[in-house]
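Asks: What follows is upload.cif; its format and atoms are mmCIF, C-alpha atoms.
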data_work
#
loop_
_atom_site.group_PDB
_atom_site.id
_atom_site.type_symbol
_atom_site.label_atom_id
_atom_site.label_comp_id
_atom_site.auth_asym_id
_atom_site.auth_seq_id
_atom_site.Cartn_x
_atom_site.Cartn_y
_atom_site.Cartn_z
ATOM 1 C CA MET A 1 156.248 74.045 67.680
ATOM 2 C CA SER A 2 158.998 71.728 68.672
ATOM 3 C CA SER A 3 161.683 73.907 70.157
ATOM 4 C CA GLY A 4 162.062 71.187 72.760
ATOM 5 C CA HIS A 5 165.314 69.481 73.519
ATOM 6 C CA ILE A 6 165.063 65.769 72.754
ATOM 7 C CA VAL A 7 166.243 63.755 75.724
ATOM 8 C CA SER A 8 167.846 60.368 75.076
ATOM 9 C CA VAL A 9 165.989 57.196 76.043
ATOM 10 C CA LYS A 10 169.073 56.217 78.049
ATOM 11 C CA LEU A 11 168.741 59.275 80.295
ATOM 12 C CA TYR A 12 164.999 58.665 80.780
ATOM 13 C CA LEU A 13 165.775 55.057 81.737
ATOM 14 C CA ALA A 14 168.392 56.231 84.238
ATOM 15 C CA ILE A 15 165.888 58.644 85.843
ATOM 16 C CA PHE A 16 163.254 55.880 85.897
ATOM 17 C CA GLY A 17 165.713 53.541 87.653
ATOM 18 C CA ALA A 18 166.784 56.220 90.128
ATOM 19 C CA LEU A 19 163.146 56.948 91.031
ATOM 20 C CA LEU A 20 162.453 53.245 91.667
ATOM 21 C CA VAL A 21 165.597 52.865 93.808
ATOM 22 C CA MET A 22 164.710 55.954 95.864
ATOM 23 C CA THR A 23 161.165 54.642 96.396
ATOM 24 C CA LEU A 24 162.528 51.357 97.772
ATOM 25 C CA ALA A 25 165.069 53.280 99.878
ATOM 26 C CA THR A 26 162.410 55.505 101.428
ATOM 27 C CA ALA A 27 160.085 52.533 102.143
ATOM 28 C CA GLY A 28 162.964 50.521 103.630
ATOM 29 C CA ALA A 29 164.342 53.374 105.741
ATOM 30 C CA ALA A 30 160.875 53.927 107.226
ATOM 31 C CA PHE A 31 161.243 50.691 109.222
ATOM 32 C CA ILE A 32 164.500 51.787 110.876
ATOM 33 C CA ASP A 33 164.095 53.987 113.940
ATOM 34 C CA LEU A 34 166.425 56.935 113.324
ATOM 35 C CA GLY A 35 165.152 58.777 116.396
ATOM 36 C CA GLY A 36 163.301 62.055 116.756
ATOM 37 C CA ASN A 37 162.010 63.516 113.517
ATOM 38 C CA LEU A 38 164.900 62.129 111.474
ATOM 39 C CA ASN A 39 162.699 59.506 109.789
ATOM 40 C CA THR A 40 160.399 62.193 108.413
ATOM 41 C CA ALA A 41 163.338 64.439 107.523
ATOM 42 C CA LEU A 42 165.026 61.652 105.526
ATOM 43 C CA ALA A 43 161.763 60.754 103.770
ATOM 44 C CA MET A 44 161.260 64.406 102.787
ATOM 45 C CA VAL A 45 164.842 64.778 101.510
ATOM 46 C CA ILE A 46 164.397 61.679 99.319
ATOM 47 C CA ALA A 47 160.994 62.948 98.127
ATOM 48 C CA ALA A 48 162.499 66.341 97.243
ATOM 49 C CA CYS A 49 165.285 64.631 95.238
ATOM 50 C CA LYS A 50 162.687 62.551 93.356
ATOM 51 C CA ALA A 51 160.579 65.635 92.636
ATOM 52 C CA LEU A 52 163.662 67.507 91.416
ATOM 53 C CA LEU A 53 164.582 64.703 88.981
ATOM 54 C CA VAL A 54 161.028 64.673 87.600
ATOM 55 C CA ILE A 55 160.884 68.477 87.247
ATOM 56 C CA LEU A 56 164.322 68.828 85.653
ATOM 57 C CA PHE A 57 164.217 65.897 83.217
ATOM 58 C CA PHE A 58 160.709 64.460 82.736
ATOM 59 C CA MET A 59 159.242 67.985 82.709
ATOM 60 C CA HIS A 60 162.163 69.334 80.629
ATOM 61 C CA VAL A 61 162.762 72.329 82.893
ATOM 62 C CA ARG A 62 166.501 71.643 82.651
ATOM 63 C CA TYR A 63 166.245 72.516 78.931
ATOM 64 C CA SER A 64 163.695 75.311 79.244
ATOM 65 C CA SER A 65 164.059 79.078 79.022
ATOM 66 C CA ARG A 66 165.106 81.287 81.939
ATOM 67 C CA LEU A 67 161.582 82.649 82.074
ATOM 68 C CA THR A 68 160.238 79.124 82.643
ATOM 69 C CA TRP A 69 162.698 78.732 85.519
ATOM 70 C CA VAL A 70 161.322 81.928 87.074
ATOM 71 C CA PHE A 71 157.720 80.677 86.786
ATOM 72 C CA VAL A 72 158.552 77.265 88.248
ATOM 73 C CA GLY A 73 160.654 78.813 91.021
ATOM 74 C CA ALA A 74 157.904 81.303 91.888
ATOM 75 C CA GLY A 75 155.427 78.468 92.462
ATOM 76 C CA PHE A 76 157.676 76.676 94.917
ATOM 77 C CA PHE A 77 158.862 79.928 96.517
ATOM 78 C CA TRP A 78 155.246 80.794 97.373
ATOM 79 C CA LEU A 79 154.761 77.290 98.761
ATOM 80 C CA MET A 80 157.763 77.860 101.053
ATOM 81 C CA ILE A 81 156.241 81.165 102.257
ATOM 82 C CA LEU A 82 152.948 79.388 102.953
ATOM 83 C CA LEU A 83 154.625 76.598 104.921
ATOM 84 C CA SER A 84 157.356 78.508 106.749
ATOM 85 C CA LEU A 85 155.375 81.546 107.925
ATOM 86 C CA THR A 86 152.383 79.467 109.074
ATOM 87 C CA LEU A 87 154.485 76.839 110.831
ATOM 88 C CA ALA A 88 156.712 79.507 112.433
ATOM 89 C CA ASP A 89 153.567 80.726 114.187
ATOM 90 C CA VAL A 90 151.812 77.428 114.946
ATOM 91 C CA LEU A 91 154.850 75.458 116.108
ATOM 92 C CA SER A 92 156.333 78.254 118.257
ATOM 93 C CA ARG A 93 153.084 78.757 120.194
ATOM 94 C CA ARG A 94 153.905 75.665 122.222
ATOM 95 C CA TRP A 95 157.108 77.273 123.444
ATOM 96 C CA LEU A 96 155.114 79.798 125.466
ATOM 97 C CA PRO A 97 154.695 79.048 129.159
ATOM 98 C CA THR A 98 151.234 77.542 129.751
ATOM 99 C CA LEU A 99 150.349 80.526 131.960
ATOM 100 C CA LEU A 100 150.162 82.758 128.896
ATOM 101 C CA LEU A 101 147.800 80.450 127.026
ATOM 102 C CA MET B 1 163.673 78.542 65.521
ATOM 103 C CA SER B 2 160.948 80.176 63.524
ATOM 104 C CA ASP B 3 159.187 78.085 60.942
ATOM 105 C CA SER B 4 156.887 80.021 58.651
ATOM 106 C CA SER B 5 155.028 76.839 57.692
ATOM 107 C CA ILE B 6 153.500 76.567 61.180
ATOM 108 C CA VAL B 7 150.253 78.387 61.725
ATOM 109 C CA HIS B 8 150.253 80.646 64.769
ATOM 110 C CA ALA B 9 147.619 82.926 66.280
ATOM 111 C CA HIS B 10 147.906 86.566 65.165
ATOM 112 C CA GLN B 11 148.921 87.887 68.609
ATOM 113 C CA PHE B 12 152.199 85.972 68.441
ATOM 114 C CA ASP B 13 155.263 86.908 66.403
ATOM 115 C CA ASP B 14 155.934 83.290 65.493
ATOM 116 C CA ALA B 15 155.220 79.686 66.455
ATOM 117 C CA GLU B 16 158.197 79.660 68.808
ATOM 118 C CA GLN B 17 156.727 82.493 70.868
ATOM 119 C CA GLN B 18 153.321 80.814 70.835
ATOM 120 C CA HIS B 19 154.886 77.615 72.128
ATOM 121 C CA GLU B 20 156.701 79.463 74.907
ATOM 122 C CA ALA B 21 153.450 81.203 75.936
ATOM 123 C CA SER B 22 151.599 77.857 76.137
ATOM 124 C CA TRP B 23 154.414 76.408 78.186
ATOM 125 C CA LEU B 24 154.432 79.341 80.634
ATOM 126 C CA GLY B 25 150.636 79.307 80.903
ATOM 127 C CA MET B 26 150.754 75.647 81.891
ATOM 128 C CA TRP B 27 153.358 76.384 84.547
ATOM 129 C CA VAL B 28 151.207 79.190 85.966
ATOM 130 C CA PHE B 29 148.369 76.669 86.271
ATOM 131 C CA LEU B 30 150.693 74.143 87.921
ATOM 132 C CA ALA B 31 151.864 76.838 90.374
ATOM 133 C CA THR B 32 148.222 77.294 91.459
ATOM 134 C CA GLU B 33 148.027 73.516 91.849
ATOM 135 C CA VAL B 34 151.126 73.633 94.069
ATOM 136 C CA MET B 35 149.247 76.158 96.233
ATOM 137 C CA PHE B 36 146.102 74.016 96.243
ATOM 138 C CA PHE B 37 147.836 70.850 97.413
ATOM 139 C CA GLY B 38 150.215 72.914 99.569
ATOM 140 C CA GLY B 39 147.319 74.034 101.762
ATOM 141 C CA MET B 40 146.410 70.413 102.477
ATOM 142 C CA PHE B 41 150.027 69.495 103.210
ATOM 143 C CA LEU B 42 150.177 72.459 105.594
ATOM 144 C CA GLY B 43 147.014 71.328 107.425
ATOM 145 C CA TYR B 44 148.407 67.810 107.635
ATOM 146 C CA THR B 45 151.683 69.100 109.140
ATOM 147 C CA ILE B 46 149.917 71.189 111.788
ATOM 148 C CA TYR B 47 147.636 68.332 112.928
ATOM 149 C CA ARG B 48 150.427 65.789 112.809
ATOM 150 C CA SER B 49 152.607 67.986 115.030
ATOM 151 C CA THR B 50 149.627 68.252 117.410
ATOM 152 C CA TYR B 51 148.825 64.499 117.486
ATOM 153 C CA PRO B 52 152.063 62.710 116.481
ATOM 154 C CA ALA B 53 151.304 59.391 118.197
ATOM 155 C CA ALA B 54 147.794 59.107 116.716
ATOM 156 C CA PHE B 55 149.055 59.938 113.215
ATOM 157 C CA ALA B 56 151.792 57.283 113.461
ATOM 158 C CA ASP B 57 149.347 54.697 114.782
ATOM 159 C CA ALA B 58 146.661 55.485 112.188
ATOM 160 C CA SER B 59 149.227 55.504 109.359
ATOM 161 C CA ASN B 60 150.160 51.906 110.219
ATOM 162 C CA HIS B 61 146.602 50.891 109.314
ATOM 163 C CA LEU B 62 147.356 51.686 105.642
ATOM 164 C CA ASP B 63 148.651 48.915 103.385
ATOM 165 C CA ILE B 64 152.336 49.708 102.819
ATOM 166 C CA TRP B 65 152.681 47.059 100.083
ATOM 167 C CA LEU B 66 149.835 48.410 97.976
ATOM 168 C CA GLY B 67 151.172 51.932 98.584
ATOM 169 C CA THR B 68 154.679 51.005 97.404
ATOM 170 C CA ILE B 69 153.376 49.079 94.385
ATOM 171 C CA ASN B 70 151.190 52.023 93.448
ATOM 172 C CA THR B 71 154.182 54.354 93.705
ATOM 173 C CA ALA B 72 156.091 52.105 91.288
ATOM 174 C CA VAL B 73 153.078 52.038 88.938
ATOM 175 C CA LEU B 74 153.005 55.852 88.874
ATOM 176 C CA ILE B 75 156.758 56.040 88.242
ATOM 177 C CA GLY B 76 156.202 53.709 85.318
ATOM 178 C CA SER B 77 153.396 55.893 83.961
ATOM 179 C CA SER B 78 155.535 59.033 84.289
ATOM 180 C CA PHE B 79 158.301 57.227 82.379
ATOM 181 C CA THR B 80 155.979 56.148 79.554
ATOM 182 C CA MET B 81 154.552 59.709 79.443
ATOM 183 C CA ALA B 82 158.080 61.103 79.025
ATOM 184 C CA LEU B 83 158.632 58.625 76.177
ATOM 185 C CA ALA B 84 155.292 59.642 74.626
ATOM 186 C CA VAL B 85 156.383 63.300 74.568
ATOM 187 C CA ARG B 86 159.724 62.237 73.083
ATOM 188 C CA SER B 87 157.918 60.272 70.346
ATOM 189 C CA ALA B 88 155.758 63.319 69.631
ATOM 190 C CA GLN B 89 158.870 65.508 69.324
ATOM 191 C CA LEU B 90 160.341 63.040 66.860
ATOM 192 C CA GLY B 91 157.068 62.918 64.934
ATOM 193 C CA ALA B 92 156.789 59.154 65.479
ATOM 194 C CA ARG B 93 153.035 58.565 65.410
ATOM 195 C CA LYS B 94 152.778 54.862 66.275
ATOM 196 C CA PRO B 95 155.144 54.983 69.289
ATOM 197 C CA LEU B 96 153.311 58.138 70.449
ATOM 198 C CA VAL B 97 149.939 56.336 70.461
ATOM 199 C CA LEU B 98 151.495 53.245 72.072
ATOM 200 C CA PHE B 99 153.164 55.166 74.910
ATOM 201 C CA LEU B 100 150.030 57.245 75.548
ATOM 202 C CA ILE B 101 147.983 54.024 75.816
ATOM 203 C CA LEU B 102 150.586 52.503 78.167
ATOM 204 C CA THR B 103 150.405 55.633 80.340
ATOM 205 C CA LEU B 104 146.605 55.386 80.361
ATOM 206 C CA VAL B 105 146.718 51.700 81.367
ATOM 207 C CA LEU B 106 149.187 52.341 84.210
ATOM 208 C CA GLY B 107 147.117 55.314 85.410
ATOM 209 C CA ALA B 108 143.987 53.144 85.430
ATOM 210 C CA LEU B 109 145.895 50.418 87.304
ATOM 211 C CA PHE B 110 146.891 52.984 89.947
ATOM 212 C CA LEU B 111 143.252 54.010 90.412
ATOM 213 C CA GLY B 112 142.164 50.361 90.582
ATOM 214 C CA ILE B 113 144.627 49.637 93.395
ATOM 215 C CA LYS B 114 143.643 52.895 95.118
ATOM 216 C CA PHE B 115 139.962 52.009 95.095
ATOM 217 C CA THR B 116 140.774 48.514 96.418
ATOM 218 C CA GLU B 117 142.464 50.262 99.346
ATOM 219 C CA TYR B 118 139.457 52.553 99.832
ATOM 220 C CA TYR B 119 137.168 49.527 99.871
ATOM 221 C CA ALA B 120 139.292 47.874 102.589
ATOM 222 C CA LYS B 121 139.124 51.069 104.666
ATOM 223 C CA ILE B 122 135.329 51.159 104.334
ATOM 224 C CA GLU B 123 135.190 47.517 105.514
ATOM 225 C CA GLU B 124 137.440 48.341 108.481
ATOM 226 C CA ASN B 125 135.239 51.314 109.472
ATOM 227 C CA LEU B 126 138.120 53.736 109.005
ATOM 228 C CA VAL B 127 136.165 56.287 106.968
ATOM 229 C CA PRO B 128 135.626 59.442 109.098
ATOM 230 C CA GLY B 129 132.004 59.874 110.106
ATOM 231 C CA SER B 130 129.421 58.179 112.282
ATOM 232 C CA ASN B 131 130.671 54.655 111.451
ATOM 233 C CA PHE B 132 134.295 55.438 112.248
ATOM 234 C CA SER B 133 135.791 53.136 114.840
ATOM 235 C CA PHE B 134 139.387 53.052 116.000
ATOM 236 C CA ALA B 135 140.361 51.158 119.142
ATOM 237 C CA GLY B 136 142.187 52.967 121.927
ATOM 238 C CA PRO B 137 142.285 56.480 123.348
ATOM 239 C CA LEU B 138 143.685 57.990 120.123
ATOM 240 C CA GLY B 139 140.513 57.342 118.118
ATOM 241 C CA ARG B 140 139.372 60.947 117.660
ATOM 242 C CA ALA B 141 142.820 62.117 116.545
ATOM 243 C CA ALA B 142 143.154 59.059 114.263
ATOM 244 C CA GLU B 143 139.907 60.188 112.633
ATOM 245 C CA ILE B 144 141.656 63.460 111.747
ATOM 246 C CA PHE B 145 144.464 61.483 110.102
ATOM 247 C CA PHE B 146 141.952 59.556 108.004
ATOM 248 C CA SER B 147 140.179 62.793 107.066
ATOM 249 C CA PHE B 148 143.476 64.036 105.622
ATOM 250 C CA TYR B 149 144.107 60.640 104.029
ATOM 251 C CA PHE B 150 140.810 60.646 102.163
ATOM 252 C CA ALA B 151 140.898 64.355 101.290
ATOM 253 C CA MET B 152 144.454 64.267 99.938
ATOM 254 C CA THR B 153 144.368 60.914 98.122
ATOM 255 C CA GLY B 154 140.829 61.726 96.933
ATOM 256 C CA MET B 155 141.925 65.024 95.368
ATOM 257 C CA HIS B 156 144.928 63.235 93.913
ATOM 258 C CA ALA B 157 142.666 60.515 92.476
ATOM 259 C CA LEU B 158 140.394 63.181 90.962
ATOM 260 C CA HIS B 159 143.468 64.668 89.254
ATOM 261 C CA MET B 160 144.341 61.196 87.966
ATOM 262 C CA ILE B 161 140.827 60.761 86.538
ATOM 263 C CA ILE B 162 141.089 64.141 84.771
ATOM 264 C CA GLY B 163 144.506 63.012 83.522
ATOM 265 C CA LEU B 164 142.998 59.831 82.069
ATOM 266 C CA ALA B 165 140.386 61.915 80.232
ATOM 267 C CA LEU B 166 143.132 64.182 78.828
ATOM 268 C CA LEU B 167 145.178 61.139 77.783
ATOM 269 C CA THR B 168 142.157 59.669 75.992
ATOM 270 C CA ALA B 169 141.731 62.907 74.050
ATOM 271 C CA MET B 170 145.457 62.858 73.150
ATOM 272 C CA ILE B 171 145.266 59.220 71.996
ATOM 273 C CA VAL B 172 142.340 60.025 69.678
ATOM 274 C CA LYS B 173 144.098 63.109 68.253
ATOM 275 C CA ALA B 174 147.429 61.325 67.878
ATOM 276 C CA GLY B 175 145.695 58.398 66.154
ATOM 277 C CA ARG B 176 144.211 60.862 63.646
ATOM 278 C CA GLY B 177 147.680 62.232 63.003
ATOM 279 C CA ARG B 178 147.064 65.708 64.434
ATOM 280 C CA PHE B 179 150.572 65.934 65.892
ATOM 281 C CA SER B 180 153.924 66.166 64.171
ATOM 282 C CA SER B 181 157.518 66.943 65.028
ATOM 283 C CA VAL B 182 156.732 70.648 64.536
ATOM 284 C CA TYR B 183 153.385 70.752 66.363
ATOM 285 C CA ASN B 184 152.852 68.713 69.529
ATOM 286 C CA THR B 185 152.217 71.302 72.247
ATOM 287 C CA PRO B 186 149.044 69.602 73.633
ATOM 288 C CA VAL B 187 150.953 66.342 74.219
ATOM 289 C CA GLU B 188 153.741 68.255 75.984
ATOM 290 C CA LEU B 189 151.285 70.095 78.251
ATOM 291 C CA VAL B 190 149.358 66.924 79.166
ATOM 292 C CA GLY B 191 152.782 65.458 79.945
ATOM 293 C CA LEU B 192 153.554 68.338 82.319
ATOM 294 C CA TYR B 193 150.199 67.811 84.061
ATOM 295 C CA TRP B 194 150.755 64.065 84.375
ATOM 296 C CA HIS B 195 154.246 64.488 85.845
ATOM 297 C CA PHE B 196 152.935 67.092 88.295
ATOM 298 C CA VAL B 197 150.277 64.672 89.564
ATOM 299 C CA TYR B 198 153.041 62.110 90.100
ATOM 300 C CA ILE B 199 155.064 64.684 92.095
ATOM 301 C CA VAL B 200 152.099 65.174 94.454
ATOM 302 C CA TRP B 201 152.113 61.413 95.061
ATOM 303 C CA ILE B 202 155.888 61.472 95.739
ATOM 304 C CA PHE B 203 155.094 63.507 98.869
ATOM 305 C CA LEU B 204 151.796 61.813 99.761
ATOM 306 C CA PHE B 205 153.328 58.332 99.862
ATOM 307 C CA PRO B 206 155.852 58.831 102.719
ATOM 308 C CA LEU B 207 153.622 61.249 104.668
ATOM 309 C CA LEU B 208 150.589 58.952 104.651
ATOM 310 C CA TYR B 209 152.021 55.419 104.527
ATOM 311 C CA LEU B 210 155.410 55.592 106.216
ATOM 312 C CA VAL B 211 155.210 57.913 109.241
ATOM 313 C CA GLY B 212 154.688 55.229 111.888
ATOM 314 C CA ARG B 213 156.532 52.193 110.562
ATOM 315 C CA HIS B 214 159.649 52.656 112.723
ATOM 316 C CA LEU B 215 157.465 52.669 115.864
ATOM 317 C CA GLN B 216 155.733 49.360 115.115
#
Translate the structure described by the file into structure tokens.

Replies:
Amino acid sequence: MSSGHIVSVKLYLAIFGALLVMTLATAGAAFIDLGGNLNTALAMVIAACKALLVILFFMHVRYSSRLTWVFVGAGFFWLMILLSLTLADVLSRRWLPTLLL
Amino acid sequence: MSDSSIVHAHQFDDAEQQHEASWLGMWVFLATEVMFFGGMFLGYTIYRSTYPAAFADASNHLDIWLGTINTAVLIGSSFTMALAVRSAQLGARKPLVLFLILTLVLGALFLGIKFTEYYAKIEENLVPGSNFSFAGPLGRAAEIFFSFYFAMTGMHALHMIIGLALLTAMIVKAGRGRFSSVYNTPVELVGLYWHFVYIVWIFLFPLLYLVGRHLQ
């Protein structure tokens, strides 16, 4: 059943170009010392933008039903719970004075 | 848009509802895949925060050029997959087969480059285990980095291989004219899977290949 929205080749080409540019940007930026964890932070922001473009346009979520949005969102929401709750514990353990460990 | 000419299983009101159910089912599966890979990303993050210097040093032993080229190859395959789904929606059989074959070729090229990299790592004794050797005091922690490298890229490669098998099945079916502008759900779902596997690589590439470059 083709209820699907048909995306123009032009838009697909634009997404394709944007993904290539962002890949070069992330590889190039990796060689510049931004200090601290900023290199990783920038790489992750670029990766998230790339993933968002793929999900919204290549995977047609932009044109999908509200229910699809809920399913997609639930997947990533659970991932955030997994990452944030675990890291909140693991990373904050090092803040304790060594005497307590 | 209900079309009475399309056969649908008796539990669905119409083909539209059947299509929506297939779509949602695929997303449920992909959500479990997010969890699956998410666990490995979590483990990576914890060990990298514990041994940041060793992870940066070990990461610099990966080939950034092959990694970047492979990223571009996967972007290309995702693009051709999107065009394959578009062709299926339009009911264009020849372009559908062509774009599916292009996607298959690019996917195989990715795996070829990946296995070349694996071979180099075997030669350099960077595979975790009794033959592992890494100069300097960070060797043991570097071994942890390479354990994550092989586990994560290995699981990703396995997903690519499954993707190639699915693409082959789609090419055969499309060649026999099983899909039309009103029925092409399998092509769409294989497309979703293929794009998801690319998304995993979007995060693997910077976390494995790029973390130590600014310290070189």

Asks: Which residues match the PyMOL selection byres ((chain B) within 7 of (chain A)) in the file above, as a ChimeraX atom specification?

Replies: /B:1,15-16,19,24,27-28,31,34-35,38,42,72,75,79,82,86,89,181-185,192,195,199,202-203,206,210-211,213-214

Asks: Selection in question (the file shown): the PyMOL selection byres ((chain B and resi 173) around 12). Which residues does it include, as JSON, numbers by chain?

Replies: {"B": [88, 93, 96, 97, 100, 166, 167, 168, 169, 170, 171, 172, 174, 175, 176, 177, 178, 179, 180, 184, 186, 187]}

Asks: Using CA of Met40 (chain B) and CA of Phe148 (chain B) as the two end points, give the distance in Å to one decimal.

Replies: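 That distance, rounded to one decimal, is 7.7 Å.
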
Asks: In Å, rounded to a single decimal, give me how far CA of Thr32 (chain B) is from CA of Glu117 (chain B).

Replies: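 Here the two named atoms are 28.7 Å from each other.
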
Asks: Which value, in Å to one decimal, gives the distance between CA of Phe99 (chain B) and CA of Thr80 (chain B)?

Replies: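 We find that CA of Phe99 (chain B) and CA of Thr80 (chain B) lie 5.5 Å from each other.
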
Asks: When distances are computed from only C-alpha atoms, which of B:Ile113, B:Phe196, B:Val73, B:Leu215 shows the smallest separation from Pro52 (chain B)?

Replies: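 Distance minimum relative to Pro52 (chain B) lands on B:Leu215.
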
Asks: Quick one: of B:Val200, B:Ala157, B:Val190, B:Leu138, who's nearest to Leu109 (chain B), counting only C-alpha atoms?

Replies: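 Counting only C-alpha atoms, the residue closest to Leu109 (chain B) is B:Ala157.
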
Asks: If you count only C-alpha atoms, which residues fall within 8 Å of region 140-144 of chain B, apart from same-chain ones fewer than 5 positions away, as a PDB file with C-alpha atoms, keeping the file's coordinate frame?

Replies:
ATOM      1  CA  TYR B  47     147.636  68.332 112.928  1.00  0.00           C
ATOM      2  CA  TYR B  51     148.825  64.499 117.486  1.00  0.00           C
ATOM      3  CA  ALA B  54     147.794  59.107 116.716  1.00  0.00           C
ATOM      4  CA  PHE B  55     149.055  59.938 113.215  1.00  0.00           C
ATOM      5  CA  ASP B  57     149.347  54.697 114.782  1.00  0.00           C
ATOM      6  CA  ALA B  58     146.661  55.485 112.188  1.00  0.00           C
ATOM      7  CA  LEU B 126     138.120  53.736 109.005  1.00  0.00           C
ATOM      8  CA  VAL B 127     136.165  56.287 106.968  1.00  0.00           C
ATOM      9  CA  PRO B 128     135.626  59.442 109.098  1.00  0.00           C
ATOM     10  CA  PHE B 132     134.295  55.438 112.248  1.00  0.00           C
ATOM     11  CA  PHE B 134     139.387  53.052 116.000  1.00  0.00           C
TER      12      PHE B 134
END

Asks: Using only C-alpha atoms, can you tell me which of B:Ala151, B:Ser49, B:Trp194, B:Gly91 comes closest to Thr103 (chain B)?

Replies: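 Looking at the shortest contact to Thr103 (chain B), the residue is B:Trp194.
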
Asks: When distances are computed from only C-alpha atoms, which of B:Leu62, B:Leu164, B:Gly212, B:Ala21 shows the smallest separation from Ala120 (chain B)?

Replies: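 Once distances to Ala120 (chain B) are computed over only C-alpha atoms, the minimum belongs to B:Leu62.
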
Asks: Need the axis-aligned box for region 125-138 of chain B with 4 Å each side, so what are the centre and edges in Å to one decimal, as lines of an AutoDock Vina configuration file?

Replies:
center_x = 136.6
center_y = 55.5
center_z = 115.2
size_x = 22.3
size_y = 16.7
size_z = 24.4

Asks: Taking (147.9, 63.0, 110.0) in the file's coordinates as the center, which residues reach within 6 Å of it, counting all atoms listed in the file, put as a PyMOL selection string?

Replies: chain B and resi 44+48+55+145

Asks: Using C-alpha atoms, can you write the selected residues to a file as a short mmCIF file (atom, residue, chain, number, x, y, z; two decimals), in the frame of the given file?

Replies:
data_model
loop_
_atom_site.label_atom_id
_atom_site.label_comp_id
_atom_site.auth_asym_id
_atom_site.auth_seq_id
_atom_site.Cartn_x
_atom_site.Cartn_y
_atom_site.Cartn_z
CA TYR B 44 148.41 67.81 107.64
CA ARG B 48 150.43 65.79 112.81
CA PHE B 55 149.06 59.94 113.22
CA PHE B 145 144.46 61.48 110.10
#

Asks: Please write N, CA and C atoms of region 40-51 of chain A, from the structure given just now, as a PDB file, in the first residue's frame.

Replies:
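Output saved as out.pdb:
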ATOM      1  N   THR A  40      34.833  15.985  21.217  1.00  0.00           N
ATOM      2  CA  THR A  40      33.821  14.928  21.218  1.00  0.00           C
ATOM      3  C   THR A  40      32.425  15.522  21.147  1.00  0.00           C
ATOM      4  N   ALA A  41      32.198  16.617  21.884  1.00  0.00           N
ATOM      5  CA  ALA A  41      30.878  17.243  21.891  1.00  0.00           C
ATOM      6  C   ALA A  41      30.484  17.688  20.486  1.00  0.00           C
ATOM      7  N   LEU A  42      31.434  18.335  19.774  1.00  0.00           N
ATOM      8  CA  LEU A  42      31.148  18.806  18.415  1.00  0.00           C
ATOM      9  C   LEU A  42      30.855  17.619  17.494  1.00  0.00           C
ATOM     10  N   ALA A  43      31.699  16.565  17.609  1.00  0.00           N
ATOM     11  CA  ALA A  43      31.494  15.387  16.761  1.00  0.00           C
ATOM     12  C   ALA A  43      30.113  14.785  17.002  1.00  0.00           C
ATOM     13  N   MET A  44      29.667  14.758  18.263  1.00  0.00           N
ATOM     14  CA  MET A  44      28.367  14.168  18.577  1.00  0.00           C
ATOM     15  C   MET A  44      27.216  15.041  18.084  1.00  0.00           C
ATOM     16  N   VAL A  45      27.397  16.373  18.152  1.00  0.00           N
ATOM     17  CA  VAL A  45      26.352  17.277  17.643  1.00  0.00           C
ATOM     18  C   VAL A  45      26.193  17.073  16.134  1.00  0.00           C
ATOM     19  N   ILE A  46      27.336  17.004  15.416  1.00  0.00           N
ATOM     20  CA  ILE A  46      27.270  16.784  13.966  1.00  0.00           C
ATOM     21  C   ILE A  46      26.626  15.429  13.666  1.00  0.00           C
ATOM     22  N   ALA A  47      27.025  14.392  14.439  1.00  0.00           N
ATOM     23  CA  ALA A  47      26.462  13.055  14.213  1.00  0.00           C
ATOM     24  C   ALA A  47      24.950  13.063  14.444  1.00  0.00           C
ATOM     25  N   ALA A  48      24.503  13.779  15.484  1.00  0.00           N
ATOM     26  CA  ALA A  48      23.070  13.829  15.779  1.00  0.00           C
ATOM     27  C   ALA A  48      22.316  14.525  14.637  1.00  0.00           C
ATOM     28  N   CYS A  49      22.921  15.596  14.080  1.00  0.00           N
ATOM     29  CA  CYS A  49      22.281  16.298  12.951  1.00  0.00           C
ATOM     30  C   CYS A  49      22.167  15.366  11.745  1.00  0.00           C
ATOM     31  N   LYS A  50      23.251  14.597  11.471  1.00  0.00           N
ATOM     32  CA  LYS A  50      23.220  13.657  10.351  1.00  0.00           C
ATOM     33  C   LYS A  50      22.127  12.617  10.561  1.00  0.00           C
ATOM     34  N   ALA A  51      22.085  12.066  11.781  1.00  0.00           N
ATOM     35  CA  ALA A  51      21.085  11.030  12.085  1.00  0.00           C
ATOM     36  C   ALA A  51      19.673  11.590  11.913  1.00  0.00           C
TER      37      ALA A  51
END
